[in-house]
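As provided, upload_33.tsv (TSV, C-alpha atoms and all ligand atoms) reads as follows.
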chain	number	residue	atom	x	y	z
H	30	MET	CA	-22.66	-10.80	25.70
H	31	ALA	CA	-21.64	-10.37	22.10
H	32	THR	CA	-21.91	-6.88	20.65
H	33	PRO	CA	-24.34	-6.89	17.72
H	34	ALA	CA	-22.55	-6.50	14.39
H	35	ARG	CA	-22.92	-3.08	12.83
H	36	THR	CA	-24.66	-2.88	9.51
H	37	GLU	CA	-22.19	-2.03	6.80
H	38	PRO	CA	-22.86	1.32	5.12
H	39	ASP	CA	-23.59	1.26	1.39
H	40	PHE	CA	-20.59	3.53	0.68
H	41	SER	CA	-22.54	5.54	-1.90
H	42	THR	CA	-21.78	8.58	0.27
H	43	ILE	CA	-18.82	9.11	2.60
H	44	PRO	CA	-19.56	7.34	5.90
H	45	ASP	CA	-19.40	9.70	8.87
H	46	LEU	CA	-16.22	9.76	10.89
H	47	PRO	CA	-17.05	8.83	14.50
H	48	GLU	CA	-16.32	11.79	16.79
H	49	ASP	CA	-14.05	9.89	19.16
H	50	VAL	CA	-11.74	8.60	16.42
H	51	PHE	CA	-8.35	10.15	16.10
H	52	THR	CA	-7.01	10.64	12.59
H	53	ALA	CA	-4.15	12.78	11.31
H	54	PRO	CA	-5.30	16.42	11.29
H	55	LEU	CA	-5.06	17.14	7.57
H	56	LYS	CA	-6.17	20.53	6.31
H	57	ARG	CA	-8.30	20.27	3.23
H	58	PRO	CA	-7.22	22.66	0.47
H	59	GLU	CA	-10.01	25.08	-0.43
H	60	HIS	CA	-10.31	23.99	-4.03
H	61	VAL	CA	-11.29	20.40	-3.24
H	62	GLY	CA	-14.59	19.15	-1.84
H	63	ASP	CA	-15.38	16.56	0.82
H	64	ASP	CA	-14.21	13.81	-1.52
H	65	TRP	CA	-10.79	15.50	-1.72
H	66	LEU	CA	-10.70	14.97	-5.49
H	67	GLU	CA	-8.91	17.44	-7.73
H	68	PRO	CA	-11.22	18.87	-10.40
H	69	ALA	CA	-8.70	17.68	-13.01
H	70	GLN	CA	-5.32	16.00	-13.24
H	71	THR	CA	-2.32	18.32	-13.32
H	72	ARG	CA	-1.01	19.27	-16.76
H	73	TYR	CA	2.54	18.04	-16.71
H	74	ASP	CA	5.32	19.76	-18.63
H	75	SER	CA	8.12	18.08	-20.57
H	76	GLU	CA	10.43	18.04	-17.55
H	77	ASP	CA	7.74	16.24	-15.50
H	78	ASP	CA	7.38	13.68	-18.28
H	79	ALA	CA	11.15	13.27	-18.42
H	80	VAL	CA	11.27	12.61	-14.64
H	81	TRP	CA	8.58	9.95	-15.06
H	82	ASN	CA	10.46	8.34	-17.96
H	83	ASP	CA	13.75	8.27	-16.02
H	84	LEU	CA	12.10	6.82	-12.91
H	85	PHE	CA	10.38	4.23	-15.07
H	86	ALA	CA	13.62	3.22	-16.78
H	87	ARG	CA	15.47	2.99	-13.46
H	88	GLN	CA	12.84	0.70	-11.94
H	89	MET	CA	12.70	-1.55	-14.96
H	90	GLU	CA	16.41	-2.22	-14.56
H	91	VAL	CA	15.85	-3.77	-11.15
H	92	LEU	CA	12.35	-5.23	-11.31
H	93	LEU	CA	12.73	-8.15	-13.67
H	94	GLY	CA	13.12	-11.22	-11.50
H	95	ARG	CA	12.11	-9.25	-8.42
H	96	ALA	CA	8.59	-7.97	-9.15
H	97	ALA	CA	5.54	-10.24	-9.00
H	98	SER	CA	4.40	-11.47	-12.41
H	99	ALA	CA	0.97	-9.93	-11.82
H	100	PHE	CA	2.67	-6.53	-11.46
H	101	LEU	CA	4.74	-6.91	-14.63
H	102	ALA	CA	1.66	-8.12	-16.51
H	103	GLY	CA	-0.26	-5.07	-15.23
H	104	LEU	CA	2.44	-2.71	-16.50
H	105	GLU	CA	2.06	-4.30	-19.94
H	106	LYS	CA	-1.72	-4.34	-19.94
H	107	LEU	CA	-1.88	-0.65	-19.07
H	108	ASP	CA	1.10	0.24	-21.26
H	109	LEU	CA	2.56	2.36	-18.49
H	110	GLY	CA	5.85	2.63	-20.33
H	111	ARG	CA	4.32	4.50	-23.26
H	112	GLY	CA	6.20	7.64	-22.19
H	113	GLY	CA	5.33	10.53	-19.90
H	114	VAL	CA	3.02	10.68	-16.90
H	115	PRO	CA	-0.06	8.60	-17.79
H	116	ASP	CA	-3.41	10.29	-18.25
H	117	PHE	CA	-5.76	9.16	-15.46
H	118	GLY	CA	-8.74	9.19	-17.83
H	119	ASP	CA	-7.09	6.76	-20.26
H	120	LEU	CA	-5.82	4.66	-17.41
H	121	SER	CA	-9.26	4.46	-15.80
H	122	GLU	CA	-10.82	3.41	-19.08
H	123	GLU	CA	-8.36	0.54	-19.48
H	124	LEU	CA	-8.53	-0.47	-15.85
H	125	GLY	CA	-12.32	-0.19	-15.85
H	126	LYS	CA	-12.51	-2.77	-18.62
H	127	LEU	CA	-10.24	-5.14	-16.71
H	128	THR	CA	-11.42	-4.93	-13.10
H	129	GLY	CA	-13.83	-2.00	-12.77
H	130	TRP	CA	-11.34	0.25	-10.97
H	131	SER	CA	-10.51	3.86	-11.79
H	132	VAL	CA	-7.69	6.23	-10.83
H	133	VAL	CA	-8.63	9.64	-9.42
H	134	PRO	CA	-6.34	12.63	-8.70
H	135	VAL	CA	-5.88	13.93	-5.15
H	136	PRO	CA	-3.69	16.84	-4.03
H	137	MET	CA	-1.81	15.09	-1.20
H	138	LEU	CA	-2.31	12.47	1.48
H	139	ILE	CA	-6.03	12.41	2.22
H	140	PRO	CA	-7.91	11.55	5.43
H	141	ASP	CA	-8.24	7.84	6.16
H	142	HIS	CA	-12.02	7.73	6.04
H	143	VAL	CA	-12.07	9.43	2.62
H	144	PHE	CA	-9.37	7.09	1.33
H	145	PHE	CA	-11.30	4.04	2.56
H	146	TRP	CA	-14.47	5.35	0.94
H	147	HIS	CA	-12.78	5.69	-2.46
H	148	LEU	CA	-11.32	2.17	-2.21
H	149	ALA	CA	-14.69	0.74	-1.24
H	150	ASN	CA	-15.97	2.25	-4.51
H	151	ARG	CA	-13.05	0.85	-6.53
H	152	ARG	CA	-11.45	4.26	-7.03
H	153	PHE	CA	-7.75	4.56	-6.39
H	154	PRO	CA	-6.73	8.06	-5.20
H	155	ALA	CA	-3.37	8.96	-6.75
H	156	GLY	CA	-1.10	11.89	-5.87
H	157	ASN	CA	-1.30	14.49	-8.59
H	158	PHE	CA	2.19	15.97	-8.33
H	159	ILE	CA	5.44	14.44	-9.51
H	160	ARG	CA	8.75	14.67	-7.67
H	161	THR	CA	11.58	16.85	-8.95
H	162	ARG	CA	15.20	15.98	-9.77
H	163	GLU	CA	16.14	17.16	-6.25
H	164	THR	CA	13.83	14.59	-4.65
H	165	PHE	CA	14.35	11.96	-7.33
H	166	ASP	CA	15.60	9.25	-4.94
H	167	TYR	CA	13.35	9.71	-1.97
H	168	ILE	CA	10.15	11.58	-1.19
H	169	GLN	CA	8.06	11.50	1.97
H	170	GLU	CA	4.66	12.08	0.38
H	171	PRO	CA	3.56	9.65	-2.31
H	172	ASP	CA	3.67	11.27	-5.74
H	173	VAL	CA	2.14	10.20	-9.04
H	174	PHE	CA	5.05	7.87	-9.77
H	175	HIS	CA	4.72	5.96	-6.51
H	176	ASP	CA	0.93	5.83	-6.77
H	177	VAL	CA	0.51	5.03	-10.43
H	178	PHE	CA	3.61	3.00	-11.21
H	179	GLY	CA	3.67	1.29	-7.79
H	180	HIS	CA	0.00	0.63	-7.09
H	181	VAL	CA	-2.07	0.73	-10.25
H	182	PRO	CA	-0.61	-2.27	-12.17
H	183	MET	CA	-1.63	-4.57	-9.31
H	184	LEU	CA	-5.23	-3.40	-9.69
H	185	THR	CA	-5.37	-5.26	-13.02
H	186	ASP	CA	-5.30	-8.53	-11.04
H	187	PRO	CA	-8.94	-9.45	-10.30
H	188	VAL	CA	-8.34	-10.99	-6.88
H	189	TYR	CA	-5.98	-8.25	-5.73
H	190	ALA	CA	-8.51	-5.68	-7.00
H	191	ASP	CA	-11.16	-7.29	-4.78
H	192	TYR	CA	-8.78	-7.31	-1.82
H	193	MET	CA	-8.26	-3.56	-2.15
H	194	GLN	CA	-12.00	-2.94	-2.19
H	195	GLU	CA	-12.48	-5.13	0.89
H	196	TYR	CA	-9.68	-3.24	2.59
H	197	GLY	CA	-11.58	0.00	2.04
H	198	LYS	CA	-14.69	-1.51	3.60
H	199	ALA	CA	-12.67	-2.90	6.50
H	200	GLY	CA	-11.41	0.63	7.16
H	201	TRP	CA	-14.86	1.72	8.19
H	202	LYS	CA	-15.02	-1.04	10.78
H	203	ALA	CA	-11.54	-0.25	12.10
H	204	MET	CA	-12.53	3.39	12.62
H	205	HIS	CA	-15.51	2.38	14.71
H	206	HIS	CA	-13.28	0.26	16.94
H	207	ASN	CA	-10.61	2.97	16.94
H	208	ARG	CA	-8.04	0.51	15.60
H	209	LEU	CA	-6.95	2.32	12.44
H	210	LYS	CA	-3.35	1.85	13.48
H	211	ALA	CA	-3.70	-1.94	13.35
H	212	LEU	CA	-5.40	-1.86	9.97
H	213	GLY	CA	-2.69	0.55	8.79
H	214	ALA	CA	-0.10	-2.11	9.61
H	215	LEU	CA	-1.94	-4.60	7.40
H	216	TYR	CA	-1.88	-2.10	4.53
H	217	TRP	CA	1.77	-1.41	5.14
H	218	TYR	CA	2.85	-5.06	5.16
H	219	THR	CA	0.71	-6.05	2.16
H	220	VAL	CA	-0.19	-3.22	-0.21
H	221	GLU	CA	3.03	-1.26	0.38
H	222	PHE	CA	5.64	-3.87	1.32
H	223	GLY	CA	4.20	-7.27	0.51
H	224	LEU	CA	6.13	-10.21	-0.92
H	225	LEU	CA	4.60	-13.12	-2.81
H	226	ARG	CA	5.93	-16.66	-3.12
H	227	GLU	CA	6.11	-17.56	-6.80
H	228	GLU	CA	7.51	-20.73	-8.35
H	229	GLU	CA	10.85	-19.11	-9.17
H	230	GLY	CA	11.20	-17.55	-5.72
H	231	LEU	CA	10.02	-14.54	-3.73
H	232	ARG	CA	8.70	-11.58	-5.67
H	233	ALA	CA	7.48	-8.14	-4.58
H	234	TYR	CA	3.92	-6.93	-5.06
H	235	GLY	CA	3.98	-3.99	-2.59
H	236	ALA	CA	4.10	-0.52	-4.13
H	237	GLY	CA	6.62	0.81	-1.61
H	238	ILE	CA	9.07	-1.83	-2.78
H	239	LEU	CA	8.27	-1.61	-6.47
H	240	SER	CA	8.61	2.15	-6.76
H	241	GLY	CA	12.12	2.41	-5.28
H	242	PRO	CA	15.38	0.95	-6.60
H	243	THR	CA	17.05	0.11	-3.29
H	244	GLU	CA	14.16	-1.60	-1.58
H	245	ALA	CA	13.34	-3.70	-4.66
H	246	VAL	CA	16.67	-5.47	-4.22
H	247	PHE	CA	16.78	-5.34	-0.41
H	248	ALA	CA	13.30	-6.78	0.16
H	249	VAL	CA	13.77	-9.73	-2.15
H	250	GLU	CA	17.46	-10.60	-1.76
H	251	ALA	CA	19.25	-8.96	1.18
H	252	GLN	CA	20.30	-10.96	4.25
H	253	SER	CA	19.26	-8.28	6.79
H	254	PRO	CA	15.45	-8.41	6.79
H	255	ASN	CA	13.22	-11.17	8.15
H	256	ARG	CA	10.81	-12.74	5.70
H	257	ILE	CA	7.85	-14.33	7.43
H	258	MET	CA	4.66	-15.90	6.08
H	259	LEU	CA	1.75	-13.52	6.52
H	260	ASN	CA	-0.65	-14.05	9.37
H	261	VAL	CA	-3.19	-11.24	9.57
H	262	ASP	CA	-3.53	-11.28	13.37
H	263	ARG	CA	0.23	-11.12	13.81
H	264	VAL	CA	0.77	-8.40	11.21
H	265	MET	CA	-1.88	-6.15	12.72
H	266	ARG	CA	0.05	-6.22	15.99
H	267	THR	CA	3.38	-5.33	14.39
H	268	ASP	CA	5.07	-1.94	14.32
H	269	TYR	CA	6.65	-0.73	11.08
H	270	VAL	CA	9.23	1.75	9.82
H	271	ILE	CA	8.02	4.71	7.81
H	272	SER	CA	11.18	6.30	6.48
H	273	ASP	CA	13.66	3.47	6.09
H	274	LEU	CA	13.93	-0.02	4.67
H	275	GLN	CA	11.78	-2.57	6.51
H	276	PRO	CA	13.37	-4.93	9.08
H	277	THR	CA	10.66	-7.50	8.25
H	278	TYR	CA	8.63	-8.38	5.17
H	279	PHE	CA	5.60	-10.66	5.16
H	280	VAL	CA	5.08	-13.21	2.42
H	281	ILE	CA	1.80	-14.46	0.95
H	282	GLU	CA	1.17	-17.73	-0.90
H	283	SER	CA	-1.18	-16.14	-3.40
H	284	PHE	CA	-3.57	-13.23	-3.74
H	285	GLU	CA	-6.41	-15.67	-3.14
H	286	ASP	CA	-4.80	-16.51	0.19
H	287	LEU	CA	-4.48	-12.83	1.09
H	288	TYR	CA	-8.09	-12.18	0.13
H	289	ARG	CA	-9.33	-15.16	2.12
H	290	GLN	CA	-7.29	-14.34	5.21
H	291	THR	CA	-8.75	-10.85	5.21
H	292	VAL	CA	-12.34	-11.40	4.21
H	293	GLU	CA	-12.89	-14.43	6.41
H	294	ARG	CA	-11.43	-12.72	9.46
H	295	ASP	CA	-13.90	-11.73	12.17
H	296	PHE	CA	-12.56	-8.20	12.49
H	297	ASP	CA	-15.07	-7.19	15.17
H	298	ARG	CA	-13.65	-9.87	17.40
H	299	LEU	CA	-10.07	-9.14	16.45
H	300	TYR	CA	-10.41	-5.41	17.17
H	301	ARG	CA	-11.96	-6.08	20.55
H	302	ASN	CA	-8.86	-8.09	21.47
H	303	LEU	CA	-6.26	-5.73	20.06
H	304	SER	CA	-4.52	-3.25	22.31
H	305	PRO	CA	-4.20	0.28	20.91
H	306	ALA	CA	-0.40	0.03	20.77
H	307	PHE	CA	1.60	-2.44	18.72
H	308	THR	CA	2.67	-5.62	20.52
H	309	TYR	CA	5.64	-6.62	18.37
H	310	ALA	CA	8.70	-4.66	17.36
H	311	ASN	CA	9.28	-4.40	13.63
H	312	SER	CA	12.32	-6.67	13.75
H	313	ALA	CA	10.84	-9.31	16.08
H	314	VAL	CA	10.53	-12.99	15.23
H	315	ILE	CA	8.00	-14.73	17.48
H	316	ASP	CA	7.12	-18.34	18.33
H	317	VAL	CA	4.14	-18.65	16.01
H	318	ASP	CA	6.00	-17.29	12.97
H	319	ASN	CA	6.43	-19.40	9.88
H	320	VAL	CA	9.85	-18.01	9.00
H	321	VAL	CA	11.05	-18.04	5.39
H	322	HIS	CA	14.29	-16.22	6.15
H	323	ARG	CA	15.53	-15.10	9.53
H	324	GLY	CA	17.30	-11.80	8.90
H	325	THR	CA	20.69	-10.80	10.27
H	326	GLN	CA	19.32	-7.25	10.81
H	327	GLU	CA	22.80	-6.02	9.96
H	328	TYR	CA	21.48	-2.96	8.11
H	329	LEU	CA	19.31	-1.95	11.08
H	330	LEU	CA	22.01	-2.68	13.67
H	331	ARG	CA	24.52	-0.57	11.77
H	332	GLY	CA	22.16	2.37	12.01
H	333	GLY	CA	20.07	2.20	8.84
H	334	ARG	CA	19.42	5.23	6.67
H	335	GLY	CA	21.48	8.23	7.60
H	336	SER	CA	24.31	6.11	9.02
H	337	GLY	CA	25.55	5.17	5.58
H	338	ALA	CA	24.92	1.48	6.33
H	339	LYS	CA	24.85	-0.67	3.23
H	340	PRO	CA	21.44	-2.26	2.53
H	341	VAL	CA	22.79	-5.79	2.67
H	401	FE	FE	1.51	3.79	-1.50

Is it possible to express this structure as structure tokens?
Ligand SMILES: [Fe+2]
Amino acid sequence: MATPARTEPDFSTIPDLPEDVFTAPLKRPEHVGDDWLEPAQTRYDSEDDAVWNDLFARQMEVLLGRAASAFLAGLEKLDLGRGGVPDFGDLSEELGKLTGWSVVPVPMLIPDHVFFWHLANRRFPAGNFIRTRETFDYIQEPDVFHDVFGHVPMLTDPVYADYMQEYGKAGWKAMHHNRLKALGALYWYTVEFGLLREEEGLRAYGAGILSGPTEAVFAVEAQSPNRIMLNVDRVMRTDYVISDLQPTYFVIESFEDLYRQTVERDFDRLYRNLSPAFTYANSAVIDVDNVVHRGTQEYLLRGGRGSGAKPV
């Protein structure tokens, strides 16, 4: 017998986290409330602004011809290169006019259910702090550069903006089925590391690619990684790498296609059929894959980050 579909919450308040759902045990700092929002954005000093400007300049050297046109258009529309860390209030005003989204400051990574709730309300939670010169090349926690430079320009695209909101709503459903890990893989392979097929070739729209100089080149041009057309069911069964370049990237035809694949999916049914663990290794190519490029996996086989392997 089919399980009756749950009624979707209205998301005006934070939906309760089911008791049997495991999420990362994050400790909420005392100065933030249940919404985990900072009372105000950090006041950045001139060194912070200089770090932003240098990161911005470095990315712009590699992104032309590699970033999706919607991303580059978003950078322009929001004038993110005006100098210094952008003010979230100004940014939200601009973005609000374009797609109804806003950018809100959070202290660190926030719990999944709170993150989903903000997305469902078209609010993008962005890390408040900015990296230092010592962590200029790589940071584990997303900072304001990753979040604002990497994610926010894409929110100027109306279809992508809708996808992000739907993702937030889908998070609630995933929690109830205890399949956050599977939905996390979808986020990873689209919002963080997604590629898009454009007329001139493959382009990156994922923030994890766009906010780092090495991966921007590796994801789009290197021989090592697989590039496979996105299939939501397949992606949600696929493991991923957190602290190194990806062995596989998934490619979409268009943001409309991504939106459709996600919104039209019967997630209740999918979650009931998904095992809690991932089925496919992150470097696997399987029978049903529509392969754009079968990677050599040379970078991975040579040991990846830490081994000194070249990202080729
Ligand atoms: Fe991110």

* To do: Find the residues near segment 110-119 of chain H: any atom within 12 Å, counting only C-alpha atoms, skip ones fewer than 4 places away on the same chain, and give them as a ChimeraX atom specification.
  => /H:67,69-89,101,103-106,123-126,130-135,152-160,172-178,181-182

Each chain H residue no farther than 6 Å from ligand FE 401 (chain H), nearest pair in Å, all atoms listed in the file, as JSON lines:
{"residue": "H:Asp176", "atom": "CA", "partner": "H:FE401", "partner_atom": "FE", "distance": 5.7}
{"residue": "H:Glu221", "atom": "CA", "partner": "H:FE401", "partner_atom": "FE", "distance": 5.6}
{"residue": "H:Ala236", "atom": "CA", "partner": "H:FE401", "partner_atom": "FE", "distance": 5.7}
{"residue": "H:Gly237", "atom": "CA", "partner": "H:FE401", "partner_atom": "FE", "distance": 5.9}

* To do: Determine, counting all atoms listed in the file, which protein, DNA and RNA residues have an atom within 10 Å of an atom of Gln169 of chain H; residues of the same chain fewer than 4 positions away are not included. Present the result as a ChimeraX atom specification.
  => /H:164,271-272

* Which of H:Thr219, H:Thr161, H:Ser98, H:Thr325 sits closest to Asp186 of chain H [using only C-alpha atoms] -> H:Ser98

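With all atoms listed in the file as the atoms that count, the residue of H:Leu127, H:Ala214, H:Leu299, H:Val261 with the shortest distance to Asn311 of chain H is H:Ala214.
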
* Give the answer as one residue: which of H:Phe165, H:Trp201, H:Tyr189, H:Tyr196 has the shortest atom-to-atom distance to Gly235 of chain H, using all atoms listed in the file? =>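 Among the listed residues, H:Tyr189 lies closest to Gly235 of chain H.
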
* Go ahead and compute the interatomic distance for atom CA of Ala96 of chain H and atom CA of Arg289 of chain H, in Å to one decimal. => 22.4 Å
